Structures are given as C-alpha cells and as structure tokens.
Amino acid sequence: MISRRALLAGVAAAAAPRLVRGAPAPASLGEAAAASGLLFGASIGQEAFDDPAYAELYRRQTRILTTDVALKFDWLRPAPDRFDFSYADAIVRFAADNDKLLRGHTLIWNDRVPDWLKRLSAPEVERVFDAHIDRVVERYAGRLHAWDVVNEPFWPMDGKPGGWRDGPWFAAMGPSYVERAFRRVRAIDKTARLALNEAQCDNDYEWGRSIRPLLRGLVERLLDAGAPVDAIGLQSHLKPQWPADYSAFAGYVAGFAERGLAVSITEFDVDDSPFPNDVAARDGAVAAVGARFLNAVLAVPAVDTVVAWQLSDRYTWYREISRRAPRPLPFDRDLQIKPLGEAMAAAFAAAPRRAPRPSR
Ligand code: XIL
C-alpha cells in the first residue's frame, strides 16, 4: 500500500513540477515567465473543449492564449451572408473564465480563405474586407489583449513582385490592404495591441533571408505613414533542418524595438523531423534548439510575450504533416513536461527582467 506521506508528496510533485533542474520549482511555465516580466501562453482550439485534462494544462501553464483557427476568415465566414462566431465566442469565454489574456489570430490573411471570396470582383472584395473588420473587431473590442491584424504579408514563393503573398485581399487592393486594415481596426478597438505577424524570419534558408528585409521595409513604411502598428509578431516555427543564426535574428528583432515596437513570439514550436527516432535523443535536440533560440531572443527587452502553437504534442499541427508522431512542443502526448518545457522555463528564468509596459 502507498503511504499517505508518499501519496501527498506525489500530489505535491504533480501540482508543482520541477521545471528547472536543480532549481526551486516554479509552478508553471506561465509563472516562470511572469517572474521575468514575460507573458507565456499557447494557441488554443476545440481540443481544449473536448479534452478536460488538456483544458487543465492551459489553466495551469498559460497566462495568454491565441485563437488557433477560430477567428480565421474561413471559420467565421462559411457563406457570404453568414458569420459563425460560436467557436470564437467559446474561446473568448474560456479566456475570461480562467483569467487569461487573449490574442486574436488573425483578422486578415491571404491564405485560408473560402472559395466564395475568391469568386468576387475587386470592389466586392473591398466591401467584404471593410465589413468583416468592422463586424469582428466591434464584437470583441475591449476583450482582446492583441490582434494579429495581418498575417504573413510576404510569401515570395507566390512569385508576386515585392514578394507579397498572393490571395484575394492582395489581388483586389495590392499592398495597400495592410495599412487599410490597421487603420480600420484602430478606429474601432482603441486598446488591443495591433500586431503584424510574419513567418520564417528566424531562419537563414532562402525564405527567411528574403522575408526579413521585406518585413522590415514594410514596417518602416507603415510607421512613417503613421499607421497604428504596435507590435511585430514573429511566428517562430523553428526549422532546425535549415541554417539559422539566432544571435543575428535577435539583432533583427532589436531593430523593431528601436522603432518603439513591442515584439511577440507568436507561434513557437520546434520541428523535430530532422532528429533521430530515439525519443530521448530527439527531445534533447529539440530542447537544445529551443533554448538557443529563446536565450538569444529574450535578451532583447522588447520581446515580452512567448506563445507556443498549442501546448502538447498530442495536438500539434505537425500531426497534419509529419511522417511519425511529432514532438515539437513543451508537453508530451501524456501532457507531461518534456526537456523542451524545462529548457523554456530555464530561458524564462534567465531572461533579463522586463519593466511592465504601461499599455498595449
Ligand atoms: C495552422 C493551424 O494550427 C492548423 O490547424 C491548420 O490546419 C493550418 O494552420 N502559421 C499560422 C497559423 O499563422 O495560422 C497556422 O495555423 C500555422 C502556421
């Protein structure tokens, strides 16, 4: 029989996992980050409503959430004349009930749009654009910590001049859709942090090398024009199979801070596909990449938020594209902390303490 003392010790250990080896146990990644003035959280979707243990992991570990797919245009707009807010509303309620901040992802993206939108004329697309922003932003004004106003403006692989991502918004309005979106959102929501979110900037593969200067140039033009951009979101789906220089990346990030912008790491995970099948070796390699990245980027004080793309390997989006069960996240399929989670807690603890930002 297990003694009462052993049982209690087990319960205490489960409630407060040791996140940094040898250090006093912070209760969660959220608390480890908060101790350095950082916000830690994760994207959230239907899985958290279907799996109570997963919901509990969000309650314990995060202080901020991001809608995974619920606020994307294709989910909100099943038909031209219909808005379906039920899924997004459920996440907004979950965040409020559990005292979590919430990032809205994403208002405008040239990807993930329904076929009905692709069939409209340019003037019709413009009307849908304005009406969509007005309706969605009004509904959640005052309840979101941040909006990813525009996601992934650049995608040079689409072959457009200037490296712009192609899609209905770009086809109808050209590059001006970005500034138009920011101004329209700010006219309605005065408090949310308005972010421009971009992919790939962390790597030195041709995608990262081409997108970094394009994003930087766009940000300069937006700020010079007085557009209400508060923050840059850098997705940071790390790809260890590609070259990367995280110290140089931190320098790039610091450039945004020099223009007075906050920077959020918005979709953190580590692609484990280049690493061995052996789980311990793979988890160690993933943790090492995550640690190198976070230690470099958290040295920049403007980086005040780290959001992982989901929390557990049980629900990573890499399940859609990996040939074996993927392990890119801080918690494993049994919702137990992994070496990556421990490395994240250690990086949060080692980060220079941030002064609280007054607003946005
Ligand atoms: C992903 C979702 O998590 C998946 O469920 C979906 O199938 C594809 O999109 N960059 C982004 C996110 O900005 O919106 C994407 O989310 C992941 C890549």
# chains A, B, ... in the order shown; residues from 1 in each chain; ligands from 1
call {"tool": "residues_around", "arguments": {"residues": "Val289 in chain A", "least_positions_apart": "2", "cutoff": "12 Å", "atoms": "only C-alpha atoms", "output": "JSON, numbers by chain"}}
result
{"A": [202, 236, 237, 238, 239, 240, 241, 242, 243, 244, 245, 246, 268, 269, 270, 271, 272, 274, 275, 282, 283, 284, 285, 286, 287, 291, 292, 293, 294, 295, 296, 328, 329, 339, 340, 341, 343, 344, 347]}
call {"tool": "select_by_dssp", "arguments": {"residues": "range 72-264 of chain A", "states": "helix (DSSP H, G or I)", "output": "number ranges by chain"}}
result
A: 73-76, 86-97, 115-118, 122-140, 156-158, 161-163, 168-188, 206-224, 246-258
call {"tool": "closest_residue", "arguments": {"among": "A:Asp332, A:Ala288, A:Pro301, A:Tyr177", "to": "Tyr315 in chain A", "atoms": "only C-alpha atoms"}}
result
A:Asp332
call {"tool": "atom_distance", "arguments": {"atom1": "CA of Asp84 in chain A", "atom2": "CA of Asp97 in chain A"}}
result
21.3 Å
call {"tool": "atom_distance", "arguments": {"atom1": "CA of Arg360 in chain A", "atom2": "CA of Asp230 in chain A"}}
result
7.1 Å
call {"tool": "residues_around", "arguments": {"residues": "Arg357 in chain A", "least_positions_apart": "6", "cutoff": "12 Å", "atoms": "only C-alpha atoms", "output": "list in words"}}
result
Gly37, Leu38, Leu39, Arg193, Asp230, Gly260, Leu261, Ala262, Val263, Pro301, Ala302, Val303, Asp304 and Thr305 of chain A
call {"tool": "closest_residue", "arguments": {"among": "A:Phe83, A:Ala34, A:Phe256, A:Gly159", "to": "Gly217 in chain A", "atoms": "only C-alpha atoms"}}
result
A:Phe256
call {"tool": "select_by_dssp", "arguments": {"residues": "range 104-283 of chain A", "states": "strand (DSSP E or B)", "output": "ChimeraX atom specification"}}
result
/A:104-109,146-151,154,164,193-198,231-234,237-238,262-270
call {"tool": "atom_distance", "arguments": {"atom1": "CA of Ala35 in chain A", "atom2": "CA of Arg93 in chain A"}}
result
26.5 Å
call {"tool": "closest_residue", "arguments": {"among": "A:Leu144, A:Ser247, A:Ala172, A:Ala53", "to": "Arg119 in chain A", "atoms": "only C-alpha atoms"}}
result
A:Ala172
call {"tool": "closest_residue", "arguments": {"among": "A:Asn197, A:Ser36, A:Gln46, A:Gln61", "to": "Ala351 in chain A", "atoms": "only C-alpha atoms"}}
result
A:Ser36
call {"tool": "closest_residue", "arguments": {"among": "A:Arg180, A:Arg82, A:Arg314, A:Arg319", "to": "ligand 1", "atoms": "only C-alpha atoms and all ligand atoms"}}
result
A:Arg319
call {"tool": "closest_residue", "arguments": {"among": "A:Asn203, A:Leu335, A:Leu120, A:Gly142", "to": "Arg60 in chain A", "atoms": "only C-alpha atoms"}}
result
A:Leu335
call {"tool": "residues_around", "arguments": {"residues": "range 62-76 of chain A", "least_positions_apart": "4", "cutoff": "7 Å", "atoms": "only C-alpha atoms", "output": "list in words"}}
result
Leu29, Gly30, Leu39, Phe40, Gly41, Ala42, Ser43, Ile44, Gly45, Tyr58, Phe83, Asp84, Phe85, Tyr87, Ala88, Lys100, Leu101, Leu102, Arg103, Gly104, His105, Thr106, Leu107, Arg112, Val113 and Pro114 of chain A
call {"tool": "residues_around", "arguments": {"residues": "range 163-167 of chain A", "least_positions_apart": "2", "cutoff": "10 Å", "atoms": "only C-alpha atoms", "output": "PyMOL selection string"}}
result
chain A and resi 109-113+117-118+151-161+169-172+174-175+210-211+214-215
call {"tool": "residues_around", "arguments": {"residues": "Ala131 in chain A", "least_positions_apart": "3", "cutoff": "12 Å", "atoms": "only C-alpha atoms", "output": "list of chain:residue names"}}
result
A:Arg77, A:Pro80, A:Asp81, A:Phe83, A:Leu107, A:Glu124, A:Val125, A:Glu126, A:Arg127, A:Val128, A:Asp134, A:Arg135, A:Val136, A:Val137, A:Glu138, A:Ala181, A:Arg184, A:Val185
call {"tool": "write_last_selection", "arguments": {"atoms": "N, CA, C and O atoms", "output": "PDB file, in the first residue's frame"}}
result
ATOM      1  N   ARG A  77     -16.631  32.682 -41.690  1.00  0.00           N
ATOM      2  CA  ARG A  77     -17.467  33.034 -42.837  1.00  0.00           C
ATOM      3  C   ARG A  77     -17.748  31.835 -43.732  1.00  0.00           C
ATOM      4  O   ARG A  77     -17.272  31.772 -44.872  1.00  0.00           O
ATOM      5  N   PRO A  80     -21.171  33.765 -47.790  1.00  0.00           N
ATOM      6  CA  PRO A  80     -21.048  35.228 -47.890  1.00  0.00           C
ATOM      7  C   PRO A  80     -21.947  35.969 -46.911  1.00  0.00           C
ATOM      8  O   PRO A  80     -21.582  37.010 -46.391  1.00  0.00           O
ATOM      9  N   ASP A  81     -23.118  35.432 -46.648  1.00  0.00           N
ATOM     10  CA  ASP A  81     -24.083  36.161 -45.812  1.00  0.00           C
ATOM     11  C   ASP A  81     -24.119  35.624 -44.380  1.00  0.00           C
ATOM     12  O   ASP A  81     -25.033  35.930 -43.629  1.00  0.00           O
ATOM     13  N   PHE A  83     -22.067  34.820 -40.611  1.00  0.00           N
ATOM     14  CA  PHE A  83     -20.956  34.840 -39.665  1.00  0.00           C
ATOM     15  C   PHE A  83     -21.232  33.748 -38.637  1.00  0.00           C
ATOM     16  O   PHE A  83     -22.344  33.653 -38.128  1.00  0.00           O
ATOM     17  N   LEU A 107      -7.053  38.457 -38.284  1.00  0.00           N
ATOM     18  CA  LEU A 107      -8.140  39.151 -38.974  1.00  0.00           C
ATOM     19  C   LEU A 107      -8.020  39.024 -40.494  1.00  0.00           C
ATOM     20  O   LEU A 107      -8.967  38.659 -41.178  1.00  0.00           O
ATOM     21  N   GLU A 124     -16.081  44.211 -54.801  1.00  0.00           N
ATOM     22  CA  GLU A 124     -16.822  43.394 -53.821  1.00  0.00           C
ATOM     23  C   GLU A 124     -15.895  42.907 -52.710  1.00  0.00           C
ATOM     24  O   GLU A 124     -16.254  42.905 -51.527  1.00  0.00           O
ATOM     25  N   VAL A 125     -14.677  42.497 -53.079  1.00  0.00           N
ATOM     26  CA  VAL A 125     -13.707  42.049 -52.068  1.00  0.00           C
ATOM     27  C   VAL A 125     -13.410  43.187 -51.092  1.00  0.00           C
ATOM     28  O   VAL A 125     -13.342  42.979 -49.875  1.00  0.00           O
ATOM     29  N   GLU A 126     -13.274  44.402 -51.616  1.00  0.00           N
ATOM     30  CA  GLU A 126     -13.014  45.557 -50.733  1.00  0.00           C
ATOM     31  C   GLU A 126     -14.163  45.770 -49.758  1.00  0.00           C
ATOM     32  O   GLU A 126     -13.951  46.067 -48.585  1.00  0.00           O
ATOM     33  N   ARG A 127     -15.368  45.632 -50.243  1.00  0.00           N
ATOM     34  CA  ARG A 127     -16.533  45.814 -49.348  1.00  0.00           C
ATOM     35  C   ARG A 127     -16.549  44.736 -48.265  1.00  0.00           C
ATOM     36  O   ARG A 127     -16.800  45.009 -47.093  1.00  0.00           O
ATOM     37  N   VAL A 128     -16.257  43.485 -48.661  1.00  0.00           N
ATOM     38  CA  VAL A 128     -16.226  42.388 -47.677  1.00  0.00           C
ATOM     39  C   VAL A 128     -15.130  42.643 -46.640  1.00  0.00           C
ATOM     40  O   VAL A 128     -15.324  42.440 -45.438  1.00  0.00           O
ATOM     41  N   ASP A 134     -14.982  45.485 -39.519  1.00  0.00           N
ATOM     42  CA  ASP A 134     -15.885  46.222 -38.627  1.00  0.00           C
ATOM     43  C   ASP A 134     -16.663  45.272 -37.716  1.00  0.00           C
ATOM     44  O   ASP A 134     -16.712  45.451 -36.506  1.00  0.00           O
ATOM     45  N   ARG A 135     -17.245  44.275 -38.321  1.00  0.00           N
ATOM     46  CA  ARG A 135     -18.116  43.374 -37.548  1.00  0.00           C
ATOM     47  C   ARG A 135     -17.330  42.581 -36.505  1.00  0.00           C
ATOM     48  O   ARG A 135     -17.731  42.474 -35.349  1.00  0.00           O
ATOM     49  N   VAL A 136     -16.191  42.033 -36.900  1.00  0.00           N
ATOM     50  CA  VAL A 136     -15.437  41.156 -35.986  1.00  0.00           C
ATOM     51  C   VAL A 136     -14.756  41.977 -34.897  1.00  0.00           C
ATOM     52  O   VAL A 136     -14.778  41.614 -33.717  1.00  0.00           O
ATOM     53  N   VAL A 137     -14.187  43.091 -35.281  1.00  0.00           N
ATOM     54  CA  VAL A 137     -13.460  43.894 -34.283  1.00  0.00           C
ATOM     55  C   VAL A 137     -14.435  44.509 -33.284  1.00  0.00           C
ATOM     56  O   VAL A 137     -14.170  44.532 -32.081  1.00  0.00           O
ATOM     57  N   GLU A 138     -15.590  44.971 -33.774  1.00  0.00           N
ATOM     58  CA  GLU A 138     -16.608  45.506 -32.843  1.00  0.00           C
ATOM     59  C   GLU A 138     -17.035  44.456 -31.834  1.00  0.00           C
ATOM     60  O   GLU A 138     -17.177  44.736 -30.650  1.00  0.00           O
ATOM     61  N   ALA A 181      -6.109  47.902 -43.209  1.00  0.00           N
ATOM     62  CA  ALA A 181      -6.591  47.037 -42.118  1.00  0.00           C
ATOM     63  C   ALA A 181      -6.220  47.640 -40.759  1.00  0.00           C
ATOM     64  O   ALA A 181      -7.065  47.744 -39.864  1.00  0.00           O
ATOM     65  N   ARG A 184      -8.342  50.703 -39.902  1.00  0.00           N
ATOM     66  CA  ARG A 184      -9.747  50.347 -39.659  1.00  0.00           C
ATOM     67  C   ARG A 184      -9.923  49.696 -38.286  1.00  0.00           C
ATOM     68  O   ARG A 184     -10.886  49.960 -37.578  1.00  0.00           O
ATOM     69  N   VAL A 185      -8.975  48.832 -37.918  1.00  0.00           N
ATOM     70  CA  VAL A 185      -9.085  48.168 -36.612  1.00  0.00           C
ATOM     71  C   VAL A 185      -8.946  49.200 -35.495  1.00  0.00           C
ATOM     72  O   VAL A 185      -9.740  49.224 -34.551  1.00  0.00           O
TER      73      VAL A 185
END
